[in-house]
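**Student:** Structure supplied as my_file.txt; contents: compact mmCIF, C-alpha atoms.
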```txt
# COMPACT_ATOMS: atom_id res chain seq x y z
CA MET Q 16 48.96 115.52 7.46
CA SER Q 17 49.55 119.15 8.31
CA LEU Q 18 49.55 120.49 11.85
CA LEU Q 19 46.25 122.25 11.25
CA GLU Q 20 44.69 119.04 9.96
CA PHE Q 21 46.07 117.22 12.98
CA THR Q 22 44.54 119.59 15.52
CA SER Q 23 41.26 120.01 13.69
CA ARG Q 24 40.76 116.26 13.44
CA TRP Q 25 41.49 115.56 17.10
CA PRO Q 26 38.20 114.40 18.68
CA GLU Q 27 36.71 116.77 21.24
CA ASP Q 28 36.59 114.06 23.89
CA ASP Q 29 40.08 112.72 23.14
CA THR Q 30 38.46 109.49 21.98
CA ILE Q 31 41.03 106.87 21.16
CA ASP Q 32 40.66 104.41 18.32
CA GLU Q 33 40.43 100.98 19.97
CA ARG Q 34 42.24 99.27 17.14
CA ARG Q 35 45.25 101.55 16.91
CA ASN Q 36 44.98 103.59 20.09
CA TRP Q 37 45.43 106.71 17.98
CA PRO Q 38 42.88 109.53 18.06
CA LEU Q 39 40.01 108.65 15.76
CA GLY Q 40 40.64 109.82 12.25
CA ALA Q 41 44.32 110.37 12.75
CA THR Q 42 46.81 108.94 10.31
CA TRP Q 43 50.57 109.27 10.41
CA THR Q 44 52.62 109.84 7.35
CA THR Q 45 56.24 110.05 8.44
CA ASN Q 46 58.59 107.79 10.33
CA GLU Q 47 58.41 109.99 13.39
CA TYR Q 48 54.66 109.50 13.57
CA GLU Q 49 54.70 105.74 13.01
CA ARG Q 50 57.23 104.70 15.62
CA PRO Q 51 56.27 101.71 17.75
CA ALA Q 52 55.46 102.18 21.41
CA THR Q 53 58.46 102.64 23.66
CA ASP Q 54 58.91 102.43 27.35
CA ARG Q 55 60.17 105.39 29.38
CA PHE Q 56 63.72 104.66 28.27
CA GLY Q 57 62.86 104.57 24.61
CA ASP Q 58 63.03 100.79 24.22
CA SER Q 59 60.35 99.15 22.11
CA THR Q 60 57.72 97.37 24.12
CA GLY Q 61 55.87 95.87 21.21
CA ALA Q 62 52.70 97.36 22.62
CA VAL Q 63 50.27 99.49 20.68
CA PRO Q 64 51.17 103.15 21.26
CA ARG Q 65 48.86 105.42 23.24
CA LEU Q 66 49.01 109.18 22.90
CA GLN Q 67 49.21 111.39 25.97
CA PRO Q 68 46.29 113.84 26.31
CA TRP Q 69 48.70 116.79 26.60
CA LEU Q 70 49.61 116.47 22.94
CA ARG Q 71 46.40 118.19 21.96
CA SER Q 72 47.05 121.38 23.95
CA ALA Q 73 50.68 121.36 22.79
CA ALA Q 74 49.53 121.22 19.18
CA GLN Q 75 47.14 124.11 19.80
CA THR Q 76 49.98 126.20 21.24
CA LEU Q 77 52.13 125.46 18.21
CA THR Q 78 49.25 126.32 15.90
CA ARG Q 79 49.02 129.73 17.56
CA PHE Q 80 52.70 130.40 16.85
CA ALA Q 81 52.06 129.89 13.15
CA SER Q 82 50.37 133.30 13.10
CA TYR Q 83 53.38 135.14 14.56
CA SER Q 84 54.73 137.56 11.99
CA TYR Q 85 57.94 139.59 11.86
CA ASN Q 86 58.78 141.54 15.05
CA TRP Q 87 56.27 139.61 17.17
CA ASN Q 88 57.95 140.76 20.43
CA GLY Q 89 59.39 144.07 19.25
CA TYR Q 90 63.00 142.85 18.93
CA ASP Q 91 63.03 142.18 15.17
CA GLU Q 92 62.03 138.54 15.60
CA ARG Q 93 61.49 136.39 12.53
CA PRO Q 94 58.10 134.78 11.82
CA ILE Q 95 57.84 131.30 13.30
CA ALA Q 96 58.80 128.90 10.54
CA PRO Q 97 56.24 126.22 9.52
CA ARG Q 98 59.05 123.66 9.31
CA SER Q 99 59.99 124.24 12.95
CA ILE Q 100 56.35 123.81 14.00
CA ASP Q 101 55.99 120.59 12.02
CA ARG Q 102 59.19 119.16 13.47
CA ALA Q 103 58.21 120.17 17.01
CA ILE Q 104 54.88 118.36 16.72
CA GLY Q 105 56.70 115.35 15.26
CA LEU Q 106 59.03 115.23 18.25
CA LEU Q 107 56.15 115.62 20.68
CA ARG Q 108 54.29 112.76 19.02
CA ILE Q 109 57.24 110.49 19.69
CA LEU Q 110 57.33 111.55 23.31
CA ALA Q 111 53.58 111.23 23.62
CA VAL Q 112 53.80 107.49 23.01
CA SER Q 113 56.75 107.00 25.37
CA ASP Q 114 54.96 107.82 28.62
CA SER Q 115 56.80 111.15 28.79
CA PRO Q 116 55.25 114.03 30.74
CA SER Q 117 53.97 117.21 29.17
CA PRO Q 118 56.53 119.90 28.35
CA SER Q 119 56.57 122.59 31.05
CA ALA Q 120 56.80 125.22 28.31
CA ILE Q 121 56.61 125.58 24.54
CA VAL Q 122 57.96 128.95 23.43
CA PRO Q 123 58.73 130.72 20.16
CA LEU Q 124 62.31 131.84 19.45
CA ALA Q 125 63.58 135.05 17.89
CA ASN Q 126 65.16 133.18 14.96
CA GLY Q 127 61.79 131.71 13.93
CA GLY Q 128 62.32 128.42 15.76
CA ILE Q 129 60.61 126.71 18.69
CA GLN Q 130 61.87 125.69 22.13
CA LEU Q 131 60.37 122.80 24.11
CA GLU Q 132 61.14 122.67 27.85
CA TRP Q 133 60.76 120.12 30.64
CA GLY Q 134 61.21 120.52 34.38
CA ASP Q 135 60.19 123.39 36.62
CA ASN Q 136 63.28 125.38 35.65
CA GLY Q 137 63.44 124.33 32.02
CA ASP Q 138 66.17 121.84 32.95
CA VAL Q 139 65.88 119.93 29.67
CA THR Q 140 65.21 121.78 26.43
CA VAL Q 141 64.88 120.94 22.77
CA GLU Q 142 65.51 123.79 20.36
CA VAL Q 143 64.03 123.35 16.88
CA SER Q 144 65.57 125.60 14.24
CA PRO Q 145 63.55 127.29 11.46
CA SER Q 146 64.78 124.57 9.09
CA GLY Q 147 63.54 121.83 11.42
CA GLU Q 148 66.84 120.70 12.91
CA ALA Q 149 66.50 119.79 16.58
CA GLU Q 150 69.07 119.96 19.35
CA GLY Q 151 68.63 118.77 22.92
CA TYR Q 152 70.21 120.54 25.88
CA HIS Q 153 70.61 119.35 29.47
CA VAL Q 154 71.19 122.35 31.73
CA ASP Q 155 72.94 120.65 34.63
CA LYS Q 156 75.27 118.70 32.36
CA ASP Q 157 75.69 121.70 30.02
CA ALA Q 158 75.52 119.13 27.22
CA THR Q 159 73.90 119.34 23.81
CA TRP Q 160 73.10 116.61 21.31
CA GLN Q 161 71.47 116.40 17.89
CA LEU Q 162 68.01 114.86 17.42
CA ARG Q 163 67.91 113.75 13.82
CA GLU Q 164 64.79 112.22 12.33
CA GLY Q 165 64.78 108.49 12.97
CA ALA Q 166 67.48 108.83 15.64
CA ASP Q 167 67.50 107.18 19.06
CA PHE Q 168 65.54 109.35 21.49
CA SER Q 169 66.26 107.30 24.59
CA GLN Q 170 68.70 109.86 26.01
CA LEU Q 171 66.14 112.66 25.73
CA ILE Q 172 63.39 110.48 27.19
CA ARG Q 173 65.64 109.50 30.10
CA TYR Q 174 66.56 113.12 30.86
CA ILE Q 175 62.92 114.19 30.72
CA ALA Q 176 61.94 111.40 33.11
CA GLN Q 177 64.62 112.54 35.56
CA HIS Q 178 63.20 116.06 35.65
CA ALA Q 179 59.49 115.22 35.61
CA MET M 14 64.17 160.62 23.48
CA SER M 15 67.70 161.88 24.08
CA GLN M 16 70.03 161.86 27.03
CA ASP M 17 73.75 162.22 27.63
CA GLN M 18 75.21 158.92 28.75
CA PRO M 19 78.55 157.37 29.63
CA ASP M 20 80.33 155.30 26.98
CA SER M 21 80.21 152.13 29.04
CA VAL M 22 77.69 150.24 31.17
CA ASN M 23 78.67 150.05 34.83
CA ASP M 24 78.58 146.67 36.56
CA ASP M 25 75.90 147.80 39.01
CA GLU M 26 73.54 149.10 36.31
CA HIS M 27 70.22 147.32 35.99
CA LEU M 28 69.32 146.20 32.49
CA TRP M 29 65.81 145.39 31.36
CA ARG M 30 64.55 143.06 28.64
CA ARG M 31 60.93 142.78 27.58
CA VAL M 32 59.23 139.49 28.50
CA ALA M 33 56.55 138.36 26.05
CA ALA M 34 53.58 136.54 27.55
CA ASP M 35 54.81 133.34 25.90
CA TYR M 36 57.98 133.46 28.02
CA PHE M 37 56.21 133.87 31.37
CA ILE M 38 55.74 130.27 32.47
CA PRO M 39 53.65 128.94 35.37
CA VAL M 40 55.53 126.61 37.70
CA GLU M 41 53.89 123.50 39.12
CA GLY M 42 52.95 124.20 42.72
CA GLY M 43 52.66 127.95 42.18
CA GLY M 44 54.76 130.85 40.97
CA MET M 45 56.07 131.82 37.59
CA ARG M 46 59.41 131.73 35.80
CA VAL M 47 60.87 133.37 32.72
CA SER M 48 61.86 130.97 29.94
CA SER M 49 65.45 130.96 28.72
CA GLY M 50 63.94 131.48 25.28
CA ALA M 51 63.58 135.17 26.14
CA TRP M 52 67.36 135.55 25.79
CA LYS M 53 67.99 133.26 22.83
CA THR M 54 68.87 135.62 20.04
CA ARG M 55 71.75 137.35 18.31
CA ASN M 56 72.71 140.85 19.45
CA LEU M 57 70.59 140.92 22.59
CA SER M 58 68.72 144.21 23.09
CA LEU M 59 68.45 145.66 26.60
CA ASP M 60 67.43 148.98 28.16
CA ARG M 61 69.51 150.72 30.84
CA ALA M 62 67.17 151.30 33.78
CA SER M 63 69.05 154.35 35.06
CA ILE M 64 68.59 156.20 31.77
CA VAL M 65 64.94 155.20 31.50
CA HIS M 66 64.39 156.55 35.01
CA SER M 67 66.30 159.77 34.27
CA LEU M 68 63.80 160.46 31.50
CA GLY M 69 60.91 160.19 33.93
CA LEU M 70 59.85 156.79 32.62
CA ASP M 71 59.57 153.38 34.28
CA SER M 72 59.90 149.72 33.33
CA SER M 73 56.73 149.85 31.28
CA PHE M 74 58.77 151.77 28.69
CA THR M 75 60.65 148.54 28.03
CA GLY M 76 57.87 146.13 28.94
CA ARG M 77 55.17 147.59 26.71
CA GLY M 78 53.73 144.92 24.46
CA GLY M 79 54.80 142.20 26.86
CA VAL M 80 53.89 141.26 30.43
CA GLY M 81 56.87 142.96 32.08
CA VAL M 82 60.66 143.02 32.10
CA ALA M 83 63.44 140.72 33.22
CA ASP M 84 65.85 142.68 35.43
CA LEU M 85 69.55 141.76 35.69
CA THR M 86 72.69 143.76 36.42
CA ALA M 87 75.49 144.24 33.94
CA ALA M 88 77.72 142.30 36.35
CA GLU M 89 75.43 139.30 36.11
CA TYR M 90 75.61 139.38 32.30
CA ARG M 91 79.39 139.77 32.42
CA SER M 92 79.79 136.87 34.85
CA LYS M 93 78.58 134.63 32.02
CA GLY M 94 80.79 136.22 29.38
CA MET M 95 78.22 138.64 27.98
CA ASN M 96 79.27 142.28 27.72
CA PRO M 97 76.49 144.88 27.53
CA VAL M 98 77.61 148.07 25.78
CA PRO M 99 75.69 151.31 25.08
CA ASP M 100 73.87 151.31 21.75
CA PRO M 101 71.61 154.37 21.78
CA LEU M 102 68.94 154.47 19.10
CA PRO M 103 67.20 157.54 17.67
CA ASP M 104 64.05 156.69 19.62
CA ASN M 105 65.68 155.00 22.62
CA SER M 106 68.79 156.52 24.21
CA ALA M 107 68.66 153.87 26.96
CA HIS M 108 69.32 151.04 24.50
CA ALA M 109 72.26 148.71 25.12
CA ILE M 110 73.33 145.57 23.33
CA VAL M 111 75.20 142.32 23.90
CA GLU M 112 76.79 141.44 20.59
CA GLY M 113 76.93 137.88 19.28
CA LYS M 114 74.78 134.81 19.79
CA VAL M 115 73.57 133.97 23.29
CA THR M 116 74.42 130.36 24.20
CA ASN M 117 72.18 127.83 25.96
CA SER M 118 74.25 128.14 29.13
CA GLN M 119 74.09 131.94 29.12
CA ALA M 120 70.35 132.07 28.42
CA THR M 121 69.64 129.52 31.15
CA ALA M 122 71.67 131.45 33.72
CA MET M 123 69.87 134.70 32.91
CA SER M 124 66.47 133.01 33.19
CA ARG M 125 67.35 131.62 36.63
CA TRP M 126 68.91 134.80 38.01
CA CYS M 127 66.54 137.47 36.73
CA ALA M 128 64.00 139.40 38.76
CA PHE M 129 60.68 139.89 37.01
CA ILE M 130 59.06 143.31 37.10
CA PRO M 131 55.45 143.14 35.88
CA ASN M 132 53.95 145.91 33.81
CA PRO M 133 51.71 148.27 35.80
CA GLU M 134 48.04 147.30 35.71
```
Can you give me the file's structure in the form of structure tokens?

**Tutor:**
Amino acid sequence: MSLLEFTSRWPEDDTIDERRNWPLGATWTTNEYERPATDRFGDSTGAVPRLQPWLRSAAQTLTRFASYSYNWNGYDERPIAPRSIDRAIGLLRILAVSDSPSPSAIVPLANGGIQLEWGDNGDVTVEVSPSGEAEGYHVDKDATWQLREGADFSQLIRYIAQHA
Amino acid sequence: MSQDQPDSVNDDEHLWRRVAADYFIPVEGGGMRVSSGAWKTRNLSLDRASIVHSLGLDSSFTGRGGVGVADLTAAEYRSKGMNPVPDPLPDNSAHAIVEGKVTNSQATAMSRWCAFIPNPE
């Protein structure tokens, strides 16, 4: 399902399917979207996942970036790459079923990628490249780590919880 | 736009970078901050405030199209290993540049240290 399909099919009242606890009409087609519910540390709880309401506004923000063309801020920026948008929404879907808080910012990057931020000072960030590769960064630790598809996200979830 | 200028950027010079609306982030409890994403690029473009002023212009020269400018001194950039150098353009003699890719650590420091100057109403 494309990002546009995802946002257009989200029910206006955020109605949740009782059987799956997904938004009505939503289906998930990749591993990132079909992960089981996790607790705040990323461990499986065996429970049915429940999406956070903030995912809808996050998806709308990302949809807006899809229209950004070359030089969108006057510094020769590249258009925002569809692959980076798709990967960003995939990552947010994982976090949305892990009881994680909303990102404090979702911003476009000059290289055509996306940056997700948590904490009042952007203390934890995830940078998604135009090709969809994601890298986490913890400001205070000055540490980066790769977020490959299907990887363990417990470290990211833990850092986000610390800065919520 | 033309203006004679020195061949280096002094430490105490103020340097401006346009802040797009997407980078101006509300903070829980009030206030705003500038996202580190505003600095994440290769060959960072800046404008030298002293030259902009000498031409009778203000920060809106740099901030046009955005919501304002992020203001930092050359010394602040250099303290994180970034070296602004003059790079005058045919239509912008105030232009300066930091060559190379800006790192996460550098972009974060600039976002935390900068002063934000909003565009005039």

**Student:** Using all atoms listed in the file, find each residue of chain M with at least one atom at most 12 Å away from an atom of chain Q; report its shortest atom-to-atom pair and that distance in Å (one decimal), sort the rows by chain and rising residue number, and return the result as CSV.

**Tutor:**
```
residue,atom,partner,partner_atom,distance
M:Arg30,CA,Q:Tyr90,CA,9.8
M:Arg31,CA,Q:Asn88,CA,8.0
M:Val32,CA,Q:Asn88,CA,8.3
M:Ala33,CA,Q:Asn88,CA,6.3
M:Ala34,CA,Q:Asn88,CA,9.4
M:Asp35,CA,Q:Val122,CA,5.9
M:Tyr36,CA,Q:Val122,CA,6.4
M:Phe37,CA,Q:Ala120,CA,9.2
M:Ile38,CA,Q:Ala120,CA,6.6
M:Pro39,CA,Q:Ser119,CA,8.2
M:Val40,CA,Q:Asp135,CA,5.8
M:Glu41,CA,Q:Asp135,CA,6.8
M:Gly42,CA,Q:Asp135,CA,9.5
M:Gly43,CA,Q:Asp135,CA,10.4
M:Gly44,CA,Q:Asp135,CA,10.2
M:Met45,CA,Q:Asp135,CA,9.4
M:Arg46,CA,Q:Asn136,CA,7.4
M:Val47,CA,Q:Asn136,CA,8.8
M:Ser48,CA,Q:Gly137,CA,7.1
M:Ser49,CA,Q:Gly137,CA,7.7
M:Gly50,CA,Q:Leu124,CA,6.1
M:Ala51,CA,Q:Leu124,CA,7.6
M:Trp52,CA,Q:Ala125,CA,8.8
M:Lys53,CA,Q:Leu124,CA,6.8
M:Thr54,CA,Q:Ala125,CA,5.7
M:Arg55,CA,Q:Asn126,CA,8.5
M:Asn56,CA,Q:Tyr90,CA,9.9
M:Leu57,CA,Q:Tyr90,CA,8.6
M:Ser58,CA,Q:Tyr90,CA,7.2
M:Leu59,CA,Q:Tyr90,CA,9.8
M:Asp60,CA,Q:Tyr90,CA,11.9
M:Thr75,CA,Q:Gly89,CA,9.9
M:Gly76,CA,Q:Gly89,CA,10.0
M:Arg77,CA,Q:Gly89,CA,9.3
M:Gly78,CA,Q:Asn88,CA,7.2
M:Gly79,CA,Q:Asn88,CA,7.3
M:Val80,CA,Q:Asn88,CA,10.8
M:Gly81,CA,Q:Asn88,CA,11.9
M:His108,CA,Q:Tyr90,CA,11.7
M:Ile110,CA,Q:Tyr90,CA,11.6
M:Lys114,CA,Q:Asn126,CA,10.9
M:Val115,CA,Q:Ala125,CA,11.4
M:Thr116,CA,Q:Asp157,CA,10.5
M:Asn117,CA,Q:Tyr152,CA,7.6
M:Ser118,CA,Q:Asp157,CA,6.7
M:Gln119,CA,Q:Val154,CA,10.4
M:Ala120,CA,Q:Val154,CA,10.3
M:Thr121,CA,Q:Val154,CA,7.4
M:Ala122,CA,Q:Val154,CA,9.3
M:Met123,CA,Q:Asn136,CA,11.7
M:Ser124,CA,Q:Asn136,CA,8.6
M:Arg125,CA,Q:Asn136,CA,7.5
M:Trp126,CA,Q:Asn136,CA,11.2
```

**Student:** Measure the distance from atom CA of Gly165 of chain Q to atom CA of Ile104 of chain Q in Å and round it to one decimal.

**Tutor:**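 A separation of 14.5 Å between them.
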
**Student:** Just want the 12 Å neighbourhood of His66 of chain M, counted on all atoms listed in the file, with same-chain residues fewer than 6 positions away dropped. Output as a VMD selection string.

**Tutor:** chain M and resid 16 26 to 29 60 72 to 75 106 to 107

**Student:** Counting only C-alpha atoms, figure out which residue out of M:Ala109, M:Glu134, M:Arg91, M:Phe129 gets nearest to Ile64 of chain M.

**Tutor:**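 Among M:Ala109, M:Glu134, M:Arg91, M:Phe129, it is M:Ala109 that comes nearest to Ile64 of chain M.
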
**Student:** With only C-alpha atoms as the basis for distance, which of Q:Pro116, Q:Gly127, Q:Gly151, Q:Gly105 is at the shortest distance from Ala74 of chain Q?

**Tutor:** Q:Gly105

**Student:** Taking into account all atoms listed in the file, which residue in the set Q:Pro97, Q:Arg102, Q:Arg108, Q:Ala81 is nearest to Pro68 of chain Q?

**Tutor:**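 The closest residue to Pro68 of chain Q is Q:Arg108.
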
**Student:** In Å, with one decimal, what is the gap from atom CA of Asp104 of chain M to atom CA of Arg61 of chain M?

**Tutor:**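 Atom-to-atom, atom CA of Asp104 of chain M to atom CA of Arg61 of chain M, that is 13.8 Å.
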
**Student:** Can you measure atom CA of Tyr85 of chain Q to atom CA of Gly128 of chain Q for me? One decimal in Å is fine.

**Tutor:**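 Atom CA of Gly128 of chain Q lies 12.6 Å from atom CA of Tyr85 of chain Q.
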